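Peer 1: model.csv is reproduced in full below (CSV, C-alpha atoms).
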chain,number,residue,atom,x,y,z
A,1,MET,CA,22.8,-24.9,19.1
A,2,ASN,CA,19.7,-25.2,17.0
A,3,ALA,CA,19.9,-24.1,13.4
A,4,PRO,CA,18.3,-20.7,12.9
A,5,ARG,CA,15.1,-20.2,10.9
A,6,HIS,CA,15.6,-17.9,7.9
A,7,TYR,CA,13.2,-16.0,5.6
A,8,LEU,CA,14.8,-15.9,2.1
A,9,GLN,CA,11.8,-16.7,-0.1
A,10,PHE,CA,8.1,-16.5,0.4
A,11,LYS,CA,7.8,-20.3,0.2
A,12,ASP,CA,10.0,-20.6,3.3
A,13,PHE,CA,6.9,-20.5,5.5
A,14,SER,CA,3.8,-22.7,5.6
A,15,ARG,CA,0.3,-21.5,5.1
A,16,ALA,CA,-0.5,-22.0,8.8
A,17,GLU,CA,2.5,-19.8,9.7
A,18,TYR,CA,1.3,-17.0,7.4
A,19,ASP,CA,-2.1,-17.2,9.0
A,20,TYR,CA,-0.4,-16.6,12.3
A,21,LEU,CA,1.8,-13.8,10.9
A,22,PHE,CA,-1.2,-11.9,9.4
A,23,GLU,CA,-3.1,-12.2,12.7
A,24,ARG,CA,-0.1,-11.2,14.7
A,25,THR,CA,0.5,-8.2,12.4
A,26,ARG,CA,-3.0,-7.1,13.0
A,27,TRP,CA,-2.5,-7.2,16.8
A,28,ILE,CA,0.9,-5.5,16.6
A,29,LYS,CA,-0.5,-2.7,14.3
A,30,GLU,CA,-3.5,-2.1,16.7
A,31,ARG,CA,-1.1,-1.7,19.6
A,32,PHE,CA,1.0,0.7,17.5
A,33,LYS,CA,-2.0,2.8,16.6
A,34,ARG,CA,-3.0,3.0,20.3
A,35,TYR,CA,0.5,4.1,21.3
A,36,GLU,CA,0.9,1.0,23.5
A,37,PRO,CA,4.5,-0.1,23.9
A,38,HIS,CA,5.3,-3.6,22.8
A,39,HIS,CA,9.0,-4.6,23.5
A,40,PRO,CA,9.4,-8.4,23.1
A,41,LEU,CA,12.8,-7.9,21.5
A,42,PHE,CA,14.3,-5.8,24.3
A,43,ASP,CA,18.2,-5.9,24.1
A,44,ARG,CA,18.1,-7.7,20.7
A,45,THR,CA,20.1,-6.3,17.8
A,46,LEU,CA,19.3,-6.2,14.1
A,47,VAL,CA,22.1,-5.7,11.6
A,48,MET,CA,20.9,-4.3,8.3
A,49,ILE,CA,23.2,-4.9,5.3
A,50,PHE,CA,22.6,-2.9,2.2
A,51,GLU,CA,24.1,-3.4,-1.2
A,52,LYS,CA,21.1,-1.8,-2.9
A,53,ALA,CA,19.7,1.6,-2.1
A,54,SER,CA,16.6,1.8,0.0
A,55,THR,CA,14.0,4.1,1.6
A,56,ARG,CA,11.1,1.9,2.8
A,57,THR,CA,13.2,-1.2,3.7
A,58,ARG,CA,15.7,0.7,5.9
A,59,LEU,CA,13.0,2.8,7.6
A,60,SER,CA,10.6,0.0,8.2
A,61,PHE,CA,13.2,-2.4,9.6
A,62,GLU,CA,15.1,0.2,11.7
A,63,ALA,CA,11.9,1.8,13.1
A,64,GLY,CA,10.3,-1.6,13.6
A,65,MET,CA,13.2,-3.0,15.6
A,66,GLN,CA,13.3,0.0,17.8
A,67,GLN,CA,9.5,-0.2,18.4
A,68,LEU,CA,10.0,-3.8,19.4
A,69,GLY,CA,12.5,-2.6,22.1
A,70,GLY,CA,15.7,-3.6,20.2
A,71,SER,CA,18.3,-1.7,18.3
A,72,ALA,CA,19.3,-1.7,14.6
A,73,ILE,CA,22.7,-1.2,13.0
A,74,TYR,CA,23.0,0.0,9.4
A,75,LEU,CA,25.9,-1.4,7.3
A,76,ASN,CA,26.5,-0.4,3.7
A,77,THR,CA,28.7,-2.8,1.8
A,78,ARG,CA,30.6,0.3,0.4
A,79,ASP,CA,31.6,1.2,4.0
A,80,SER,CA,32.4,-2.3,5.3
A,81,GLN,CA,34.9,-5.1,4.5
A,82,LEU,CA,32.2,-6.8,2.4
A,83,GLY,CA,32.8,-4.1,-0.1
A,84,ARG,CA,36.5,-4.8,-0.1
A,85,GLY,CA,36.3,-8.4,-0.9
A,86,GLU,CA,35.7,-10.1,2.4
A,87,PRO,CA,34.1,-13.5,1.7
A,88,VAL,CA,30.3,-13.5,2.4
A,89,GLU,CA,30.8,-16.7,4.5
A,90,ASP,CA,33.4,-15.0,6.7
A,91,ALA,CA,31.2,-11.9,7.2
A,92,ALA,CA,28.3,-14.1,8.1
A,93,GLN,CA,30.2,-15.9,10.9
A,94,VAL,CA,31.4,-12.6,12.4
A,95,ILE,CA,28.2,-10.5,12.1
A,96,SER,CA,26.0,-13.3,13.4
A,97,ARG,CA,28.2,-13.6,16.5
A,98,MET,CA,27.6,-9.9,17.3
A,99,SER,CA,23.9,-9.7,16.6
A,100,ASP,CA,20.6,-11.5,17.0
A,101,ILE,CA,19.1,-11.2,13.5
A,102,VAL,CA,20.3,-9.9,10.1
A,103,MET,CA,18.4,-8.3,7.2
A,104,ILE,CA,20.2,-8.2,3.8
A,105,ARG,CA,19.2,-6.2,0.7
A,106,THR,CA,21.5,-7.3,-2.2
A,107,PHE,CA,21.7,-8.4,-5.8
A,108,GLU,CA,21.9,-12.2,-6.5
A,109,GLN,CA,19.9,-14.6,-4.3
A,110,THR,CA,22.9,-16.8,-4.0
A,111,ILE,CA,24.6,-14.0,-1.9
A,112,ILE,CA,22.0,-14.2,0.8
A,113,GLU,CA,21.8,-17.9,0.7
A,114,ARG,CA,25.5,-18.2,1.2
A,115,PHE,CA,25.3,-15.7,4.1
A,116,ALA,CA,22.4,-17.7,5.7
A,117,GLU,CA,24.3,-21.0,5.4
A,118,TYR,CA,27.0,-19.6,7.7
A,119,SER,CA,24.9,-17.5,10.0
A,120,ARG,CA,24.2,-18.4,13.6
A,121,VAL,CA,21.1,-16.1,13.6
A,122,PRO,CA,18.0,-15.7,11.4
A,123,VAL,CA,18.5,-14.0,8.1
A,124,ILE,CA,15.8,-12.0,6.3
A,125,ASN,CA,15.7,-11.2,2.6
A,126,GLY,CA,15.1,-7.4,2.3
A,127,LEU,CA,15.2,-7.8,-1.5
A,128,THR,CA,17.3,-9.6,-4.1
A,129,ASN,CA,17.1,-9.7,-7.9
A,130,GLU,CA,15.0,-12.8,-7.7
A,131,TYR,CA,12.6,-12.3,-4.7
A,132,HIS,CA,11.1,-9.7,-2.4
A,133,PRO,CA,9.1,-11.7,0.2
A,134,CYS,CA,8.7,-8.9,2.8
A,135,GLN,CA,7.0,-6.7,0.3
A,136,ILE,CA,4.5,-9.4,-0.7
A,137,LEU,CA,3.9,-10.1,3.0
A,138,ALA,CA,2.9,-6.5,3.4
A,139,ASP,CA,0.8,-6.5,0.2
A,140,ILE,CA,-1.2,-9.5,1.2
A,141,PHE,CA,-1.8,-8.2,4.6
A,142,THR,CA,-3.0,-4.9,3.1
A,143,PHE,CA,-5.4,-6.8,0.9
A,144,ILE,CA,-6.7,-8.7,3.9
A,145,GLU,CA,-7.3,-5.4,5.7
A,146,HIS,CA,-9.2,-3.9,2.9
A,147,ARG,CA,-11.0,-6.9,1.3
A,148,GLY,CA,-10.7,-9.9,3.5
A,149,PRO,CA,-9.0,-13.3,2.8
A,150,ILE,CA,-7.0,-13.5,-0.4
A,151,GLN,CA,-7.8,-17.2,-1.0
A,152,GLY,CA,-9.6,-17.7,-4.2
A,153,LYS,CA,-9.0,-14.1,-5.4
A,154,THR,CA,-7.3,-12.9,-8.6
A,155,VAL,CA,-4.2,-10.7,-8.7
A,156,ALA,CA,-3.3,-9.0,-12.0
A,157,TRP,CA,0.5,-8.4,-12.4
A,158,VAL,CA,1.2,-6.0,-15.3
A,159,GLY,CA,4.8,-5.3,-16.3
A,160,ASP,CA,8.2,-7.0,-15.8
A,161,ALA,CA,8.5,-10.5,-14.5
A,162,ASN,CA,10.8,-9.4,-11.8
A,163,ASN,CA,11.4,-10.2,-8.1
A,164,MET,CA,8.0,-9.0,-7.2
A,165,CYS,CA,6.2,-11.0,-9.8
A,166,ASN,CA,8.2,-14.1,-8.8
A,167,THR,CA,7.2,-13.7,-5.2
A,168,TRP,CA,3.5,-13.2,-6.1
A,169,LEU,CA,3.6,-16.5,-7.9
A,170,GLN,CA,5.1,-18.3,-4.9
A,171,ALA,CA,2.5,-16.7,-2.7
A,172,ALA,CA,-0.4,-17.7,-5.0
A,173,GLU,CA,0.6,-21.4,-4.9
A,174,LEU,CA,1.0,-21.4,-1.1
A,175,LEU,CA,-2.1,-19.3,-0.2
A,176,ASP,CA,-4.4,-20.6,-3.0
A,177,PHE,CA,-5.2,-17.6,-5.2
A,178,LYS,CA,-4.5,-16.9,-8.8
A,179,VAL,CA,-2.2,-14.4,-10.6
A,180,HIS,CA,-2.8,-13.1,-14.1
A,181,VAL,CA,0.6,-12.2,-15.5
A,182,SER,CA,1.1,-9.9,-18.5
A,183,THR,CA,4.6,-9.0,-19.6
A,184,PRO,CA,6.0,-7.6,-22.9
A,185,PRO,CA,7.5,-10.2,-25.2
A,186,GLY,CA,11.0,-11.1,-24.0
A,187,TYR,CA,10.2,-10.4,-20.3
A,188,GLU,CA,8.2,-13.5,-19.5
A,189,VAL,CA,8.1,-15.4,-16.2
A,190,ASP,CA,10.8,-18.1,-15.7
A,191,PRO,CA,8.9,-20.9,-13.9
A,192,GLU,CA,12.2,-22.5,-12.8
A,193,GLN,CA,13.3,-19.4,-11.0
A,194,VAL,CA,10.0,-19.0,-9.3
A,195,GLY,CA,10.3,-22.5,-8.0
A,196,CYS,CA,6.6,-23.3,-8.2
A,197,ALA,CA,5.7,-27.0,-8.3
A,198,ARG,CA,2.5,-26.3,-10.3
A,199,THR,CA,1.3,-23.7,-12.8
A,200,ASP,CA,-2.4,-23.8,-12.1
A,201,HIS,CA,-2.2,-20.7,-9.9
A,202,PHE,CA,-1.1,-18.3,-12.7
A,203,VAL,CA,-2.2,-17.6,-16.2
A,204,ARG,CA,-0.2,-15.7,-18.8
A,205,PHE,CA,-1.8,-13.0,-20.9
A,206,ASP,CA,-0.3,-11.2,-24.0
A,207,ASP,CA,-2.8,-8.4,-23.5
A,208,PRO,CA,-2.5,-6.5,-20.1
A,209,MET,CA,-6.1,-5.4,-20.4
A,210,GLU,CA,-7.3,-9.1,-20.4
A,211,ALA,CA,-5.0,-9.8,-17.4
A,212,CYS,CA,-6.8,-7.1,-15.5
A,213,ARG,CA,-10.3,-8.2,-16.4
A,214,GLY,CA,-12.1,-9.4,-13.3
A,215,ALA,CA,-9.1,-9.0,-11.0
A,216,ASP,CA,-9.5,-8.2,-7.3
A,217,LEU,CA,-6.1,-6.6,-7.1
A,218,VAL,CA,-4.1,-4.9,-9.8
A,219,THR,CA,-0.4,-4.3,-9.2
A,220,THR,CA,2.8,-3.4,-11.0
A,221,ASP,CA,6.4,-2.2,-10.4
A,222,VAL,CA,8.9,0.1,-12.1
A,223,TRP,CA,9.9,-1.0,-15.6
A,224,THR,CA,13.6,-0.8,-14.9
A,225,SER,CA,14.6,-2.4,-11.6
A,226,MET,CA,17.8,-1.7,-9.8
A,227,GLY,CA,20.7,-3.3,-11.6
A,228,PHE,CA,19.1,-3.0,-15.0
A,229,GLU,CA,19.6,0.7,-15.6
A,230,ALA,CA,21.6,0.0,-18.8
A,231,GLU,CA,18.4,-1.3,-20.4
A,232,ASN,CA,16.3,1.7,-19.4
A,233,GLU,CA,15.7,3.2,-22.9
A,234,GLU,CA,14.9,-0.2,-24.4
A,235,ARG,CA,12.5,-1.0,-21.6
A,236,MET,CA,10.7,2.3,-22.0
A,237,ARG,CA,9.9,1.3,-25.6
A,238,ASP,CA,9.1,-2.3,-24.8
A,239,PHE,CA,6.8,-1.6,-21.9
A,240,ALA,CA,4.9,1.4,-23.4
A,241,ASP,CA,1.6,-0.6,-23.7
A,242,TRP,CA,1.9,-2.0,-20.1
A,243,GLN,CA,1.0,1.1,-18.1
A,244,VAL,CA,-1.7,0.5,-15.6
A,245,ASP,CA,-4.3,3.1,-16.4
A,246,ALA,CA,-7.9,3.9,-15.7
A,247,ASP,CA,-9.1,1.7,-18.5
A,248,MET,CA,-7.4,-1.3,-17.0
A,249,MET,CA,-8.9,-0.6,-13.6
A,250,ARG,CA,-12.3,-0.3,-15.2
A,251,VAL,CA,-12.2,-3.9,-16.4
A,252,ALA,CA,-11.1,-5.2,-13.0
A,253,ASN,CA,-13.7,-5.9,-10.4
A,254,PRO,CA,-15.5,-2.7,-9.2
A,255,ASP,CA,-14.0,-3.0,-5.8
A,256,ALA,CA,-10.5,-3.9,-7.0
A,257,VAL,CA,-7.5,-2.2,-5.3
A,258,PHE,CA,-4.3,-1.0,-6.9
A,259,MET,CA,-0.9,-1.6,-5.3
A,260,HIS,CA,2.7,-0.6,-6.1
A,261,CYS,CA,5.7,-1.3,-4.0
A,262,LEU,CA,7.2,2.1,-4.6
A,263,PRO,CA,9.0,4.2,-5.7
A,264,ALA,CA,6.6,4.9,-8.6
A,265,HIS,CA,7.0,6.7,-11.9
A,266,ARG,CA,3.7,8.4,-12.8
A,267,GLY,CA,3.2,8.3,-16.5
A,268,GLU,CA,5.4,5.2,-16.9
A,269,GLU,CA,4.3,2.0,-15.3
A,270,VAL,CA,1.1,3.6,-13.8
A,271,SER,CA,-0.9,6.7,-14.5
A,272,ALA,CA,-1.3,9.4,-11.9
A,273,GLU,CA,-5.0,8.9,-12.1
A,274,VAL,CA,-4.7,5.4,-10.8
A,275,ILE,CA,-2.0,5.7,-8.2
A,276,ASP,CA,-3.6,8.8,-6.7
A,277,GLY,CA,-7.1,7.6,-7.2
A,278,PRO,CA,-9.7,6.1,-4.9
A,279,GLN,CA,-8.8,2.4,-5.6
A,280,SER,CA,-5.1,2.9,-4.7
A,281,VAL,CA,-3.9,1.6,-1.3
A,282,VAL,CA,-0.2,2.2,-1.9
A,283,TRP,CA,0.3,4.4,1.2
A,284,GLU,CA,-1.3,1.8,3.5
A,285,GLU,CA,0.7,-0.8,1.7
A,286,ALA,CA,3.9,1.1,2.4
A,287,GLU,CA,3.1,1.5,6.1
A,288,ASN,CA,2.4,-2.1,6.5
A,289,ARG,CA,6.0,-3.0,5.7
A,290,LEU,CA,6.6,-1.7,9.2
A,291,HIS,CA,4.0,-3.9,10.9
A,292,VAL,CA,4.5,-7.2,9.0
A,293,GLN,CA,8.2,-7.0,9.5
A,294,LYS,CA,7.8,-6.5,13.2
A,295,ALA,CA,5.7,-9.7,13.3
A,296,LEU,CA,8.3,-11.5,11.2
A,297,MET,CA,11.2,-10.5,13.4
A,298,GLU,CA,9.3,-11.4,16.5
A,299,PHE,CA,8.4,-14.8,15.0
A,300,LEU,CA,11.9,-15.6,13.9
A,301,LEU,CA,13.5,-14.7,17.3
A,302,ILE,CA,10.9,-16.0,19.8
A,303,GLY,CA,8.5,-18.1,17.8
A,304,LYS,CA,4.7,-18.0,18.2
A,305,VAL,CA,3.3,-15.9,20.9
A,306,GLU,CA,0.3,-17.6,22.3
A,307,GLY,CA,-2.7,-15.9,23.9
A,308,ASP,CA,-2.5,-12.2,23.1
A,309,CYS,CA,-3.6,-12.1,19.5
A,310,ALA,CA,-7.2,-12.5,20.5
Would you kindly transcribe this structure into structure tokens?

Peer 2:
Amino acid sequence: MNAPRHYLQFKDFSRAEYDYLFERTRWIKERFKRYEPHHPLFDRTLVMIFEKASTRTRLSFEAGMQQLGGSAIYLNTRDSQLGRGEPVEDAAQVISRMSDIVMIRTFEQTIIERFAEYSRVPVINGLTNEYHPCQILADIFTFIEHRGPIQGKTVAWVGDANNMCNTWLQAAELLDFKVHVSTPPGYEVDPEQVGCARTDHFVRFDDPMEACRGADLVTTDVWTSMGFEAENEERMRDFADWQVDADMMRVANPDAVFMHCLPAHRGEEVSAEVIDGPQSVVWEEAENRLHVQKALMEFLLIGKVEGDCA
């Protein structure tokens, strides 16, 4: 039995594989918009394991698997033996014998890595504290849809150096674009956690306005990610000057787009004027989670599909 291919970090795939996935996503999305059935995963089963709450991740994976002809099973750790102390390694061996692919949304990256090590089927990172590769996959596809190739472009990240920021930095190195990162003091990027070999694809800025200057894409996330709720009041104070507002968008390129992985807090990390404004593509970005993950699951289970992307 060949070892399964997993998707635990953005850097798990090559640039050529991403080129394929983005083109495959376009083809799958066009079929979806024309109401044309596409069932390459007929009789396949996706198990979705959630330790963190979710709206978009569950909906996009569950709907996506059904649209591909398969079925999806939802497991919450509170309602399974995982929540009662069953070793991750044991759960992986059992679950992977009863399904074809697994998506996990959890806390520490080490949890999903341990599961993948003992899994007989592909494992997808639906979010961990450290990385969120499926979201960045959707974000980059959305940029390509609206503005063309991302190579050579500049992304401004304003806010916390969290799992989204880490994954943007991995993507920048792999796909050859630049990320301007501006975080409050004490919330800086940890290059070791990002795992980038070089630092020439990102630049740190103390001033978020300068980070946005000339950017092609401006993006942010909530100031308090899941698991850090105890720090909420402190973060509200520390991040007060890091709200993406109309002034920041004005110094970006005139055709810059704004993205947010959602859920968003208007008046905190982003102003209502920006997220509901003409440069915002957050709703297309949210929808594209569905389409990129369909391409991802198809790729992990059956490999490249030749001939019908044209």

Peer 1: For Arg97 (chain A), work out the shell of residues within 7 Å, counting only C-alpha atoms and skipping chain neighbours fewer than 3 positions away, then give it as a list in words.

Peer 2: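 Neighbouring residues, sequence-local ones excluded: Gln93, Val94 and Arg120 of chain A.
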
Peer 1: Please write the residues from the selection above to a file, keeping C-alpha atoms, as a JSON list (two decimals), in the coordinates of the input.

Peer 2:
[["chain", "number", "residue", "atom", "x", "y", "z"],
["A", 93, "GLN", "CA", 30.20, -15.90, 10.90],
["A", 94, "VAL", "CA", 31.40, -12.60, 12.40],
["A", 120, "ARG", "CA", 24.20, -18.40, 13.60]]

Peer 1: Using all atoms listed in the file, which residue out of A:Phe61, A:Ala92, A:Leu41, A:Asp160 lies closest to Gly186 (chain A)?

Peer 2: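 Closest to Gly186 (chain A), using all atoms listed in the file: A:Asp160.
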
Peer 1: When distances are computed from all atoms listed in the file, which of A:Thr25, A:Thr55, A:Ser182, A:Gln66 shows the smallest separation from Pro40 (chain A)?

Peer 2: A:Gln66

Peer 1: Within 8 Å of Phe141 (chain A), counting only C-alpha atoms, which residues qualify if same-chain residues fewer than 2 places away don't, as a list in words?

Peer 2: Phe22, Leu137, Ala138, Asp139, Phe143, Ile144, Glu145, Asn288 and Val292 of chain A

Peer 1: Using all atoms listed in the file, collect all residues at a distance of at most 12 Å from (15.5, -4.3, 16.4) as written in the file, then present them as a count of residues only.

Peer 2: 40

Peer 1: Please indicate the distance in Å from CA of Ala286 (chain A) to CA of Gly303 (chain A), rounded to one decimal place.

Peer 2: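 It comes out at 25.0 Å.
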
Peer 1: Hey, which of A:Gly159, A:Gly195, A:Gly214, A:Pro208 ends up closest to His260 (chain A)? Count all atoms listed in the file.

Peer 2: A:Gly159

Peer 1: List the neighbours of Ile275 (chain A) out to 10 Å using all atoms listed in the file; skip same-chain residues closer than 2 positions along the sequence, and give me the result as a list in words.

Peer 2: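 The contact residues come out as Val244, Asp245, Ala246, Phe258, Met259, His260, Ala264, His265, Arg266, Val270, Ser271, Ala272, Glu273, Gly277, Pro278, Gln279, Ser280, Val281, Val282 and Trp283 of chain A.
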
Peer 1: Those same residues, written as a PDB file, keeping the file's coordinate frame with C-alpha atoms?

Peer 2:
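Writing done, so here's out_35.pdb:
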ATOM      1  CA  VAL A 244      -1.700   0.500 -15.600  1.00  0.00           C
ATOM      2  CA  ASP A 245      -4.300   3.100 -16.400  1.00  0.00           C
ATOM      3  CA  ALA A 246      -7.900   3.900 -15.700  1.00  0.00           C
ATOM      4  CA  PHE A 258      -4.300  -1.000  -6.900  1.00  0.00           C
ATOM      5  CA  MET A 259      -0.900  -1.600  -5.300  1.00  0.00           C
ATOM      6  CA  HIS A 260       2.700  -0.600  -6.100  1.00  0.00           C
ATOM      7  CA  ALA A 264       6.600   4.900  -8.600  1.00  0.00           C
ATOM      8  CA  HIS A 265       7.000   6.700 -11.900  1.00  0.00           C
ATOM      9  CA  ARG A 266       3.700   8.400 -12.800  1.00  0.00           C
ATOM     10  CA  VAL A 270       1.100   3.600 -13.800  1.00  0.00           C
ATOM     11  CA  SER A 271      -0.900   6.700 -14.500  1.00  0.00           C
ATOM     12  CA  ALA A 272      -1.300   9.400 -11.900  1.00  0.00           C
ATOM     13  CA  GLU A 273      -5.000   8.900 -12.100  1.00  0.00           C
ATOM     14  CA  GLY A 277      -7.100   7.600  -7.200  1.00  0.00           C
ATOM     15  CA  PRO A 278      -9.700   6.100  -4.900  1.00  0.00           C
ATOM     16  CA  GLN A 279      -8.800   2.400  -5.600  1.00  0.00           C
ATOM     17  CA  SER A 280      -5.100   2.900  -4.700  1.00  0.00           C
ATOM     18  CA  VAL A 281      -3.900   1.600  -1.300  1.00  0.00           C
ATOM     19  CA  VAL A 282      -0.200   2.200  -1.900  1.00  0.00           C
ATOM     20  CA  TRP A 283       0.300   4.400   1.200  1.00  0.00           C
TER      21      TRP A 283
END

Peer 1: Have a look at A:Glu192, A:Glu287, A:Glu130, A:Asp216 and name the one nearest to Lys178 (chain A); count only C-alpha atoms.

Peer 2: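 Using only C-alpha atoms, the shortest distance to Lys178 (chain A) belongs to A:Asp216.
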
Peer 1: Can you find the residues with an atom no farther than 8 Å from (-7.7, -18.0, 0.1), counting all atoms listed in the file, and report them as a list of chain:residue names?

Peer 2: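 Here the neighbourhood of the point contains A:Pro149, A:Ile150, A:Gln151, A:Gly152, A:Lys153, A:Leu175, A:Asp176, A:Phe177.
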
Peer 1: Can you work out the spacing between CA of Thr106 (chain A) and CA of Asp12 (chain A) in Å, to one decimal?

Peer 2: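 According to the coordinates, CA of Thr106 (chain A) and CA of Asp12 (chain A) are separated by 18.4 Å.
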
Peer 1: Take CA of Thr224 (chain A) and CA of Tyr131 (chain A) and report the distance between them in Å, one decimal.

Peer 2: 15.4 Å

Peer 1: Identify which of the residues A:Arg147, A:His6, A:Thr128, A:Pro185 lies closest to Thr167 (chain A), counting only C-alpha atoms when measuring atom-to-atom distances.

Peer 2: A:Thr128

Peer 1: For Glu233 (chain A), list every protein, DNA or RNA residue within 12 Å, evaluated using all atoms listed in the file, and leave out those in the same chain fewer than 6 positions away; present the list as a list in words.

Peer 2: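 In the requested form, the answer reads Trp223, Thr224, Phe239 and Ala240 of chain A.
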
Peer 1: Produce region 57-97 of chain A of the given structure as output with C-alpha atoms, as a tab-separated table (two decimals), in the first residue's frame.

Peer 2:
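Printed below is out.tsv as written:
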chain	number	residue	atom	x	y	z
A	57	THR	CA	-15.01	24.93	6.80
A	58	ARG	CA	-17.79	22.49	7.56
A	59	LEU	CA	-20.15	23.82	4.91
A	60	SER	CA	-17.54	23.95	2.16
A	61	PHE	CA	-16.13	20.48	2.81
A	62	GLU	CA	-19.49	18.80	3.38
A	63	ALA	CA	-21.20	20.40	0.39
A	64	GLY	CA	-18.09	19.94	-1.72
A	65	MET	CA	-17.82	16.22	-1.06
A	66	GLN	CA	-21.50	15.73	-1.85
A	67	GLN	CA	-21.16	17.72	-5.07
A	68	LEU	CA	-18.28	15.41	-6.06
A	69	GLY	CA	-20.59	12.42	-5.63
A	70	GLY	CA	-19.33	11.27	-2.24
A	71	SER	CA	-20.55	11.57	1.32
A	72	ALA	CA	-19.30	13.43	4.37
A	73	ILE	CA	-19.47	12.46	8.05
A	74	TYR	CA	-19.18	15.09	10.79
A	75	LEU	CA	-17.37	14.21	14.03
A	76	ASN	CA	-16.96	16.60	16.91
A	77	THR	CA	-14.33	15.59	19.41
A	78	ARG	CA	-16.78	16.35	22.24
A	79	ASP	CA	-19.08	13.64	20.87
A	80	SER	CA	-16.46	11.00	20.07
A	81	GLN	CA	-13.86	8.95	21.89
A	82	LEU	CA	-11.21	11.50	20.88
A	83	GLY	CA	-12.79	13.81	23.40
A	84	ARG	CA	-12.52	11.14	26.09
A	85	GLY	CA	-8.80	10.59	25.78
A	86	GLU	CA	-8.45	8.07	22.96
A	87	PRO	CA	-4.92	8.47	21.55
A	88	VAL	CA	-4.80	10.38	18.27
A	89	GLU	CA	-2.71	7.56	16.79
A	90	ASP	CA	-5.39	4.96	17.60
A	91	ALA	CA	-8.20	7.12	16.24
A	92	ALA	CA	-6.27	7.66	13.02
A	93	GLN	CA	-5.87	3.95	12.40
A	94	VAL	CA	-9.57	3.25	12.98
A	95	ILE	CA	-11.04	6.26	11.15
A	96	SER	CA	-8.76	5.83	8.13
A	97	ARG	CA	-9.88	2.20	7.73
